[in-house]
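What's in entry_14.cif: mmCIF, C-alpha atoms
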```
data_target
#
loop_
_atom_site.label_atom_id
_atom_site.label_comp_id
_atom_site.auth_asym_id
_atom_site.auth_seq_id
_atom_site.Cartn_x
_atom_site.Cartn_y
_atom_site.Cartn_z
CA MET A 236 -5.48 -26.01 47.70
CA TRP A 237 -7.15 -23.16 45.85
CA ARG A 238 -6.49 -22.07 42.30
CA VAL A 239 -7.36 -18.95 40.35
CA ASP A 240 -10.00 -19.92 37.81
CA LEU A 241 -9.52 -19.09 34.17
CA LYS A 242 -12.32 -16.51 33.96
CA THR A 243 -10.80 -14.44 36.81
CA LYS A 244 -7.36 -14.59 35.18
CA LEU A 245 -8.66 -13.56 31.76
CA LEU A 246 -10.83 -10.77 33.15
CA THR A 247 -7.87 -9.42 35.18
CA VAL A 248 -5.80 -9.24 31.98
CA PHE A 249 -8.71 -7.49 30.22
CA VAL A 250 -9.08 -4.93 33.06
CA VAL A 251 -5.36 -4.12 32.96
CA LEU A 252 -5.24 -3.87 29.14
CA THR A 253 -8.28 -1.59 28.80
CA ASN A 254 -6.91 0.69 31.55
CA VAL A 255 -3.38 0.95 30.12
CA LEU A 256 -4.46 1.34 26.47
CA GLY A 257 -7.34 3.70 27.37
CA ASN A 258 -4.99 6.06 29.22
CA PHE A 259 -2.38 5.73 26.48
CA PHE A 260 -4.72 6.65 23.60
CA LEU A 261 -6.22 9.50 25.62
CA SER A 262 -2.73 10.84 26.27
CA TRP A 263 -1.77 10.26 22.60
CA GLY A 264 -4.83 12.22 21.48
CA MET A 265 -3.95 15.09 23.83
CA LYS A 266 -0.32 15.22 22.68
CA HIS A 267 -1.10 15.13 18.96
CA GLN A 268 -3.26 18.22 18.89
CA PRO A 269 -2.63 21.64 17.42
CA ALA A 270 -0.41 23.37 19.99
CA ASP A 271 -2.68 26.29 20.82
CA LEU A 272 -6.27 25.46 21.72
CA GLY A 273 -7.08 29.10 22.42
CA LEU A 274 -10.31 29.95 24.17
CA SER A 275 -12.78 28.53 21.66
CA PRO A 276 -14.93 25.76 23.17
CA LEU A 277 -15.16 24.28 19.66
CA ALA A 278 -11.43 23.48 19.70
CA TYR A 279 -11.87 21.54 22.95
CA LEU A 280 -14.91 19.71 21.57
CA ARG A 281 -12.93 18.77 18.47
CA LEU A 282 -10.15 17.47 20.72
CA ILE A 283 -12.54 15.38 22.83
CA PHE A 284 -14.17 13.93 19.73
CA SER A 285 -10.91 13.25 17.93
CA PRO A 286 -10.57 9.57 16.97
CA TRP A 287 -7.73 8.79 19.44
CA SER A 288 -9.45 10.44 22.41
CA LEU A 289 -12.73 8.67 21.57
CA LEU A 290 -10.93 5.33 21.38
CA GLY A 291 -9.30 6.08 24.75
CA THR A 292 -12.63 7.02 26.33
CA ALA A 293 -14.38 3.92 24.94
CA LEU A 294 -11.62 1.71 26.37
CA LEU A 295 -11.90 3.43 29.78
CA ILE A 296 -15.67 2.78 29.84
CA LEU A 297 -14.94 -0.91 29.14
CA TRP A 298 -12.35 -0.76 31.94
CA LEU A 299 -14.89 0.61 34.42
CA LEU A 300 -17.45 -2.12 33.61
CA SER A 301 -14.98 -5.00 33.53
CA ARG A 302 -13.36 -3.89 36.80
CA MET A 303 -16.82 -3.79 38.40
CA THR A 304 -17.43 -7.36 37.22
CA LEU A 305 -14.02 -8.44 38.51
CA LEU A 306 -14.86 -6.99 41.95
CA GLY A 307 -17.79 -9.41 42.01
CA TRP A 308 -15.46 -12.35 41.32
CA ALA A 309 -12.49 -11.48 43.53
CA ASP A 310 -11.68 -9.55 46.74
CA LEU A 311 -11.08 -5.80 46.66
CA SER A 312 -7.83 -6.39 48.56
CA TYR A 313 -6.80 -8.78 45.73
CA VAL A 314 -7.96 -6.73 42.71
CA LEU A 315 -6.31 -3.46 43.80
CA PRO A 316 -2.68 -4.62 44.06
CA VAL A 317 -2.86 -7.09 41.18
CA THR A 318 -4.24 -4.56 38.68
CA SER A 319 -1.50 -2.12 39.76
CA ILE A 320 0.72 -3.87 37.19
CA GLY A 321 -0.98 -1.33 34.88
CA TYR A 322 1.26 1.40 36.35
CA VAL A 323 4.29 -0.56 35.13
CA PHE A 324 2.90 -1.05 31.60
CA THR A 325 1.94 2.62 31.45
CA ALA A 326 5.51 3.61 32.36
CA LEU A 327 6.88 1.22 29.69
CA LEU A 328 4.49 2.56 27.00
CA GLY A 329 5.55 6.09 27.94
CA ARG A 330 9.18 5.02 27.62
CA PHE A 331 8.85 3.39 24.19
CA PHE A 332 6.11 5.40 22.46
CA LEU A 333 6.01 8.82 24.09
CA GLY A 334 9.77 9.22 24.56
CA GLU A 335 9.62 9.52 28.36
CA LYS A 336 12.65 8.61 30.46
CA ILE A 337 12.73 5.87 33.10
CA THR A 338 15.16 6.70 35.91
CA PRO A 339 16.81 4.04 38.16
CA LEU A 340 14.38 5.09 40.92
CA ARG A 341 11.46 4.29 38.57
CA TRP A 342 12.93 0.87 37.77
CA LEU A 343 13.12 0.26 41.52
CA GLY A 344 9.46 1.26 41.81
CA THR A 345 8.60 -1.19 39.03
CA LEU A 346 10.47 -3.96 40.86
CA LEU A 347 8.62 -3.24 44.13
CA ILE A 348 5.24 -3.39 42.34
CA VAL A 349 6.09 -6.73 40.73
CA ILE A 350 7.26 -8.16 44.09
CA GLY A 351 4.09 -6.86 45.79
CA ILE A 352 1.87 -8.41 43.12
CA SER A 353 3.58 -11.79 43.37
CA PHE A 354 2.97 -11.71 47.15
CA VAL A 355 -0.74 -11.01 46.63
CA GLY A 356 -0.81 -13.64 43.87
CA LEU A 357 0.03 -16.22 46.54
CA THR A 358 -3.28 -15.57 48.28
CA ARG A 359 -6.76 -16.89 47.47
CA PRO A 360 -8.57 -14.36 45.22
CA ASP A 361 -12.04 -14.68 46.73
CA THR A 362 -12.32 -15.13 50.50
CA THR A 363 -15.86 -13.88 51.14
CA ALA A 364 -18.00 -15.90 48.71
CA GLU A 365 -18.91 -18.54 51.29
CA ALA A 366 -19.97 -15.96 53.87
CA LEU A 367 -22.65 -14.41 51.67
CA PRO A 368 -26.33 -15.20 52.20
CA MET R 65 -5.94 23.15 49.54
CA ASN R 66 -3.59 20.37 48.37
CA TRP R 67 -4.42 18.13 51.32
CA LEU R 68 -8.14 18.86 51.01
CA MET R 69 -7.98 17.58 47.40
CA VAL R 70 -5.96 14.52 48.52
CA ALA R 71 -8.60 13.79 51.18
CA ILE R 72 -11.42 14.10 48.61
CA ILE R 73 -9.60 11.87 46.09
CA VAL R 74 -8.65 9.12 48.56
CA GLY R 75 -12.00 9.28 50.39
CA CYS R 76 -14.14 9.12 47.24
CA THR R 77 -12.00 6.39 45.64
CA ALA R 78 -12.08 4.22 48.76
CA LEU R 79 -15.82 4.64 49.33
CA GLY R 80 -16.56 4.09 45.63
CA ASP R 81 -14.54 0.86 45.56
CA LEU R 82 -16.13 -0.41 48.78
CA LEU R 83 -19.63 0.20 47.38
CA GLN R 84 -18.78 -1.49 44.06
CA SER R 85 -17.26 -4.50 45.77
CA PHE R 86 -20.22 -4.77 48.18
CA GLU R 87 -22.82 -4.62 45.38
CA MET R 88 -21.02 -6.78 42.84
CA LYS R 89 -20.50 -9.59 45.36
CA ARG R 90 -24.27 -9.69 45.86
CA HIS R 91 -25.37 -9.34 42.26
CA VAL R 92 -22.74 -11.47 40.69
CA VAL R 93 -22.27 -11.09 36.96
CA THR R 94 -21.61 -14.50 35.45
CA VAL R 95 -19.46 -15.35 32.45
CA GLU R 96 -22.66 -15.96 30.44
CA ASP R 97 -23.73 -12.35 31.10
CA LEU R 98 -20.67 -11.14 29.19
CA ARG R 99 -21.98 -12.51 25.86
CA PRO R 100 -22.76 -9.63 23.47
CA GLY R 101 -26.47 -10.49 23.31
CA ARG R 102 -26.86 -10.36 27.07
CA LEU R 103 -24.82 -7.21 27.74
CA PRO R 104 -27.70 -4.69 27.41
CA GLY R 105 -29.77 -6.61 29.95
CA MET R 106 -26.82 -6.83 32.33
CA LEU R 107 -26.12 -3.08 32.03
CA ALA R 108 -29.79 -2.31 32.71
CA ARG R 109 -29.63 -4.52 35.82
CA LEU R 110 -26.48 -2.81 37.05
CA ALA R 111 -27.98 0.65 36.44
CA GLN R 112 -30.76 -0.22 38.92
CA ARG R 113 -28.30 -0.72 41.78
CA LYS R 114 -28.29 2.56 43.71
CA PHE R 115 -24.94 1.88 45.39
CA LEU R 116 -23.30 1.28 42.01
CA LEU R 117 -24.61 4.57 40.65
CA LEU R 118 -23.36 6.29 43.80
CA ALA R 119 -19.97 4.61 43.29
CA VAL R 120 -19.71 5.91 39.71
CA PHE R 121 -20.67 9.39 40.95
CA LEU R 122 -17.95 9.23 43.63
CA MET R 123 -15.39 8.12 41.03
CA ALA R 124 -16.30 11.14 38.89
CA ILE R 125 -15.77 13.47 41.87
CA SER R 126 -12.45 11.78 42.60
CA PHE R 127 -11.41 12.18 38.94
CA PHE R 128 -12.17 15.91 38.84
CA ALA R 129 -10.47 16.44 42.22
CA PHE R 130 -7.39 14.69 40.78
CA ILE R 131 -7.39 17.00 37.75
CA LYS R 132 -7.71 19.95 40.14
CA LEU R 133 -4.83 18.63 42.27
CA LEU R 134 -2.65 18.28 39.16
CA SER R 135 -3.30 21.92 38.34
CA ILE R 136 -2.13 23.14 41.77
CA ALA R 137 0.52 20.51 42.67
CA ASP R 138 3.25 18.48 40.96
CA LEU R 139 2.55 15.08 39.43
CA SER R 140 5.36 13.74 41.66
CA PHE R 141 3.24 14.76 44.66
CA ALA R 142 -0.19 13.79 43.31
CA VAL R 143 0.49 10.18 42.26
CA PRO R 144 2.42 9.00 45.39
CA VAL R 145 -0.12 10.38 47.89
CA THR R 146 -3.03 8.83 46.00
CA ALA R 147 -1.11 5.50 45.87
CA ALA R 148 -1.62 5.42 49.64
CA SER R 149 -5.23 4.52 48.86
CA VAL R 150 -4.11 0.94 48.09
CA VAL R 151 -3.12 0.48 51.75
CA ILE R 152 -6.15 2.37 53.12
CA GLU R 153 -8.53 0.34 50.97
CA THR R 154 -6.89 -2.92 52.06
CA ILE R 155 -7.54 -1.93 55.69
CA LEU R 156 -11.18 -1.07 54.86
CA ALA R 157 -11.62 -4.31 52.88
CA ARG R 158 -10.57 -6.21 56.01
CA LEU R 159 -12.72 -4.17 58.43
CA VAL R 160 -15.84 -3.44 56.36
CA LEU R 161 -16.01 -6.19 53.72
CA ARG R 162 -14.56 -8.82 56.09
CA GLU R 163 -12.09 -10.06 53.49
CA SER R 164 -9.40 -12.33 54.82
CA VAL R 165 -6.25 -10.24 54.43
CA THR R 166 -3.29 -12.50 55.12
CA ARG R 167 0.28 -11.41 55.85
CA TRP R 168 1.19 -11.95 52.20
CA ARG R 169 -1.59 -9.62 51.14
CA TRP R 170 -0.58 -6.88 53.60
CA ALA R 171 3.04 -7.14 52.43
CA GLY R 172 1.91 -7.05 48.80
CA ALA R 173 -0.26 -3.94 49.30
CA ILE R 174 2.61 -2.09 51.03
CA PHE R 175 5.15 -3.06 48.34
CA VAL R 176 2.77 -1.99 45.55
CA ALA R 177 2.00 1.38 47.20
CA ALA R 178 5.73 2.05 47.73
CA GLY R 179 6.45 1.04 44.14
CA VAL R 180 3.77 3.34 42.71
CA ALA R 181 5.17 6.20 44.83
CA LEU R 182 8.67 5.58 43.41
CA LEU R 183 7.35 5.35 39.82
CA ALA R 184 5.95 8.86 40.12
CA MET R 185 9.29 10.38 41.11
#
```
Same coordinates, now as structure tokens:
Amino acid sequence: MWRVDLKTKLLTVFVVLTNVLGNFFLSWGMKHQPADLGLSPLAYLRLIFSPWSLLGTALLILWLLSRMTLLGWADLSYVLPVTSIGYVFTALLGRFFLGEKITPLRWLGTLLIVIGISFVGLTRPDTTAEALP
Amino acid sequence: MNWLMVAIIVGCTALGDLLQSFEMKRHVVTVEDLRPGRLPGMLARLAQRKFLLLAVFLMAISFFAFIKLLSIADLSFAVPVTAASVVIETILARLVLRESVTRWRWAGAIFVAAGVALLAM
């Protein structure tokens, strides 16, 4: 019987968190800007270098690197569905912090994702390690 | 134009993920490499892998194509069609990376893709 080792579990959580929070802070930074950016490139630069957007970007860089590492520890066909739980957290953050609405159809989507992830969770994370030279 | 963007997004994402998975399985980063003192060395090692650099480049193209798609199509179109990449990449992972994709994994990938499509509505 296989088991998911602790490092893979922890790194998966880290990948999901950096993705969800990175997107959230980026979106927060974009929404809390002066309404009219106009045509001045300086206004856009100020937006990109605003503290929230920078925090979001830094988190997304961490996401990219940690996801790369996770792909070395687990199958692509395992990582993709399992990290999709991020879509659910993003929807929930949007609901509670950005005032977005979650329709019944969206709740159904959330349910399908959770069911899909629990199916994939039943499988062994890394099936190719033995085959490598 | 819409479908051209979708093709670019899904194609670049799938190829980028395949390359990353292929390279990372061969140059495995260990838990010890994640210590703060060893991170710079690890990053320098990763930056020497041509396929990884190509993967990051492909992800950038995919990102800008997604932004472009959002500017010409609805979000409720853009997110569901790109969610199809979960299923396409699972097929490629089986065929190209020779991962063992069991029935549970197929079912999971299909449920997740359908769920993401619904979330975007």
Up to 8 Å from chain A, what residues of chain R turn up? Count only C-alpha atoms and give them as a VMD selection string. chain R and resid 81 to 82 84 to 85 87 to 93 95 150 153 to 154 157 to 158 162 to 166 168 to 169 171 to 185
For the atom pair atom CA of Ala108 of chain R and atom CA of Glu96 of chain R, what is the interatomic distance in Å to one decimal place? 15.6 Å
List the neighbours of Leu261 of chain A out to 10 Å using all atoms listed in the file; skip same-chain residues closer than 4 positions along the sequence, and give me the result as a PDB file with C-alpha atoms, keeping the file's coordinate frame.
```
ATOM      1  CA  LEU A 256      -4.460   1.340  26.470  1.00  0.00           C
ATOM      2  CA  GLY A 257      -7.340   3.700  27.370  1.00  0.00           C
ATOM      3  CA  MET A 265      -3.950  15.090  23.830  1.00  0.00           C
ATOM      4  CA  LYS A 266      -0.320  15.220  22.680  1.00  0.00           C
ATOM      5  CA  ILE A 283     -12.540  15.380  22.830  1.00  0.00           C
ATOM      6  CA  SER A 285     -10.910  13.250  17.930  1.00  0.00           C
ATOM      7  CA  PRO A 286     -10.570   9.570  16.970  1.00  0.00           C
ATOM      8  CA  TRP A 287      -7.730   8.790  19.440  1.00  0.00           C
ATOM      9  CA  SER A 288      -9.450  10.440  22.410  1.00  0.00           C
ATOM     10  CA  LEU A 289     -12.730   8.670  21.570  1.00  0.00           C
ATOM     11  CA  LEU A 290     -10.930   5.330  21.380  1.00  0.00           C
ATOM     12  CA  GLY A 291      -9.300   6.080  24.750  1.00  0.00           C
ATOM     13  CA  THR A 292     -12.630   7.020  26.330  1.00  0.00           C
ATOM     14  CA  ALA A 293     -14.380   3.920  24.940  1.00  0.00           C
ATOM     15  CA  LEU A 294     -11.620   1.710  26.370  1.00  0.00           C
ATOM     16  CA  LEU A 295     -11.900   3.430  29.780  1.00  0.00           C
TER      17      LEU A 295
END
```
Atom CA of Val255 of chain A and atom CA of Leu83 of chain R are how many Å apart? 23.7 Å
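Take atom CA of Val239 of chain A and atom CA of Leu156 of chain R: the distance between them is 23.3 Å.
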Go through R:Met69, R:Val151, R:Leu79, R:Ala129 one by one, measure the shortest atom-to-atom distance of each to Phe115 of chain R using all atoms listed in the file, and give the residue with the smallest value.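 Under the stated criterion, the closest residue is R:Leu79.
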Calculated over all atoms listed in the file, which of the candidates A:Pro276, A:Gly334, A:Gly321, A:Gly329 has the smallest distance to Val251 of chain A?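 The closest residue to Val251 of chain A is A:Gly321.
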Translate the PyMOL selection byres ((chain R and resi 75) around 12) into a concrete residue list for this structure, as a PyMOL selection string. chain R and resi 67-74+76-82+119+122-123+125-127+129-130+146+148-150+152-153+156
Please, could N, CA and C atoms be added to segment 74-106 of chain R and the result written as a tab-separated table (two decimals), in the frame of the given file?
```tsv
chain	number	residue	atom	x	y	z
R	74	VAL	N	-8.80	10.42	47.88
R	74	VAL	CA	-8.65	9.12	48.56
R	74	VAL	C	-9.99	8.68	49.16
R	75	GLY	N	-10.72	9.61	49.77
R	75	GLY	CA	-12.00	9.28	50.39
R	75	GLY	C	-13.01	8.78	49.37
R	76	CYS	N	-13.15	9.51	48.26
R	76	CYS	CA	-14.14	9.12	47.24
R	76	CYS	C	-13.75	7.82	46.56
R	77	THR	N	-12.45	7.63	46.27
R	77	THR	CA	-12.00	6.39	45.64
R	77	THR	C	-12.28	5.20	46.54
R	78	ALA	N	-11.91	5.34	47.83
R	78	ALA	CA	-12.08	4.22	48.76
R	78	ALA	C	-13.56	3.87	48.92
R	79	LEU	N	-14.39	4.89	49.14
R	79	LEU	CA	-15.82	4.64	49.33
R	79	LEU	C	-16.43	4.05	48.06
R	80	GLY	N	-16.05	4.59	46.90
R	80	GLY	CA	-16.56	4.09	45.63
R	80	GLY	C	-16.21	2.62	45.42
R	81	ASP	N	-14.97	2.25	45.73
R	81	ASP	CA	-14.54	0.86	45.56
R	81	ASP	C	-15.25	-0.07	46.54
R	82	LEU	N	-15.42	0.42	47.79
R	82	LEU	CA	-16.13	-0.41	48.78
R	82	LEU	C	-17.55	-0.69	48.32
R	83	LEU	N	-18.25	0.36	47.83
R	83	LEU	CA	-19.63	0.20	47.38
R	83	LEU	C	-19.71	-0.76	46.19
R	84	GLN	N	-18.77	-0.61	45.23
R	84	GLN	CA	-18.78	-1.49	44.06
R	84	GLN	C	-18.57	-2.93	44.48
R	85	SER	N	-17.57	-3.14	45.35
R	85	SER	CA	-17.26	-4.50	45.77
R	85	SER	C	-18.46	-5.11	46.49
R	86	PHE	N	-19.06	-4.32	47.41
R	86	PHE	CA	-20.22	-4.77	48.18
R	86	PHE	C	-21.36	-5.19	47.26
R	87	GLU	N	-21.70	-4.34	46.28
R	87	GLU	CA	-22.82	-4.62	45.38
R	87	GLU	C	-22.53	-5.77	44.44
R	88	MET	N	-21.33	-5.77	43.86
R	88	MET	CA	-21.02	-6.78	42.84
R	88	MET	C	-20.94	-8.18	43.44
R	89	LYS	N	-20.57	-8.27	44.72
R	89	LYS	CA	-20.50	-9.59	45.36
R	89	LYS	C	-21.91	-10.15	45.55
R	90	ARG	N	-22.89	-9.25	45.63
R	90	ARG	CA	-24.27	-9.69	45.86
R	90	ARG	C	-25.06	-9.89	44.57
R	91	HIS	N	-24.67	-9.19	43.53
R	91	HIS	CA	-25.37	-9.34	42.26
R	91	HIS	C	-24.36	-9.78	41.24
R	92	VAL	N	-23.89	-10.99	41.44
R	92	VAL	CA	-22.74	-11.47	40.69
R	92	VAL	C	-23.07	-11.56	39.20
R	93	VAL	N	-22.18	-10.97	38.40
R	93	VAL	CA	-22.27	-11.09	36.96
R	93	VAL	C	-21.55	-12.37	36.56
R	94	THR	N	-22.24	-13.24	35.83
R	94	THR	CA	-21.61	-14.50	35.45
R	94	THR	C	-20.94	-14.37	34.09
R	95	VAL	N	-20.14	-15.38	33.75
R	95	VAL	CA	-19.46	-15.35	32.45
R	95	VAL	C	-20.48	-15.26	31.33
R	96	GLU	N	-21.63	-15.95	31.50
R	96	GLU	CA	-22.66	-15.96	30.44
R	96	GLU	C	-23.19	-14.56	30.18
R	97	ASP	N	-23.22	-13.71	31.26
R	97	ASP	CA	-23.73	-12.35	31.10
R	97	ASP	C	-22.85	-11.51	30.19
R	98	LEU	N	-21.60	-11.94	29.97
R	98	LEU	CA	-20.67	-11.14	29.19
R	98	LEU	C	-20.81	-11.38	27.69
R	99	ARG	N	-21.72	-12.31	27.29
R	99	ARG	CA	-21.98	-12.51	25.86
R	99	ARG	C	-22.62	-11.25	25.29
R	100	PRO	N	-22.25	-10.89	24.05
R	100	PRO	CA	-22.76	-9.63	23.47
R	100	PRO	C	-24.27	-9.50	23.56
R	101	GLY	N	-25.01	-10.56	23.30
R	101	GLY	CA	-26.47	-10.49	23.31
R	101	GLY	C	-27.04	-10.18	24.68
R	102	ARG	N	-26.31	-10.54	25.73
R	102	ARG	CA	-26.86	-10.36	27.07
R	102	ARG	C	-26.34	-9.11	27.76
R	103	LEU	N	-25.41	-8.40	27.11
R	103	LEU	CA	-24.82	-7.21	27.74
R	103	LEU	C	-25.83	-6.11	28.06
R	104	PRO	N	-26.76	-5.78	27.09
R	104	PRO	CA	-27.70	-4.69	27.41
R	104	PRO	C	-28.51	-4.98	28.66
R	105	GLY	N	-28.99	-6.23	28.79
R	105	GLY	CA	-29.77	-6.61	29.95
R	105	GLY	C	-28.96	-6.48	31.23
R	106	MET	N	-27.68	-6.91	31.16
R	106	MET	CA	-26.82	-6.83	32.33
R	106	MET	C	-26.60	-5.37	32.73
```
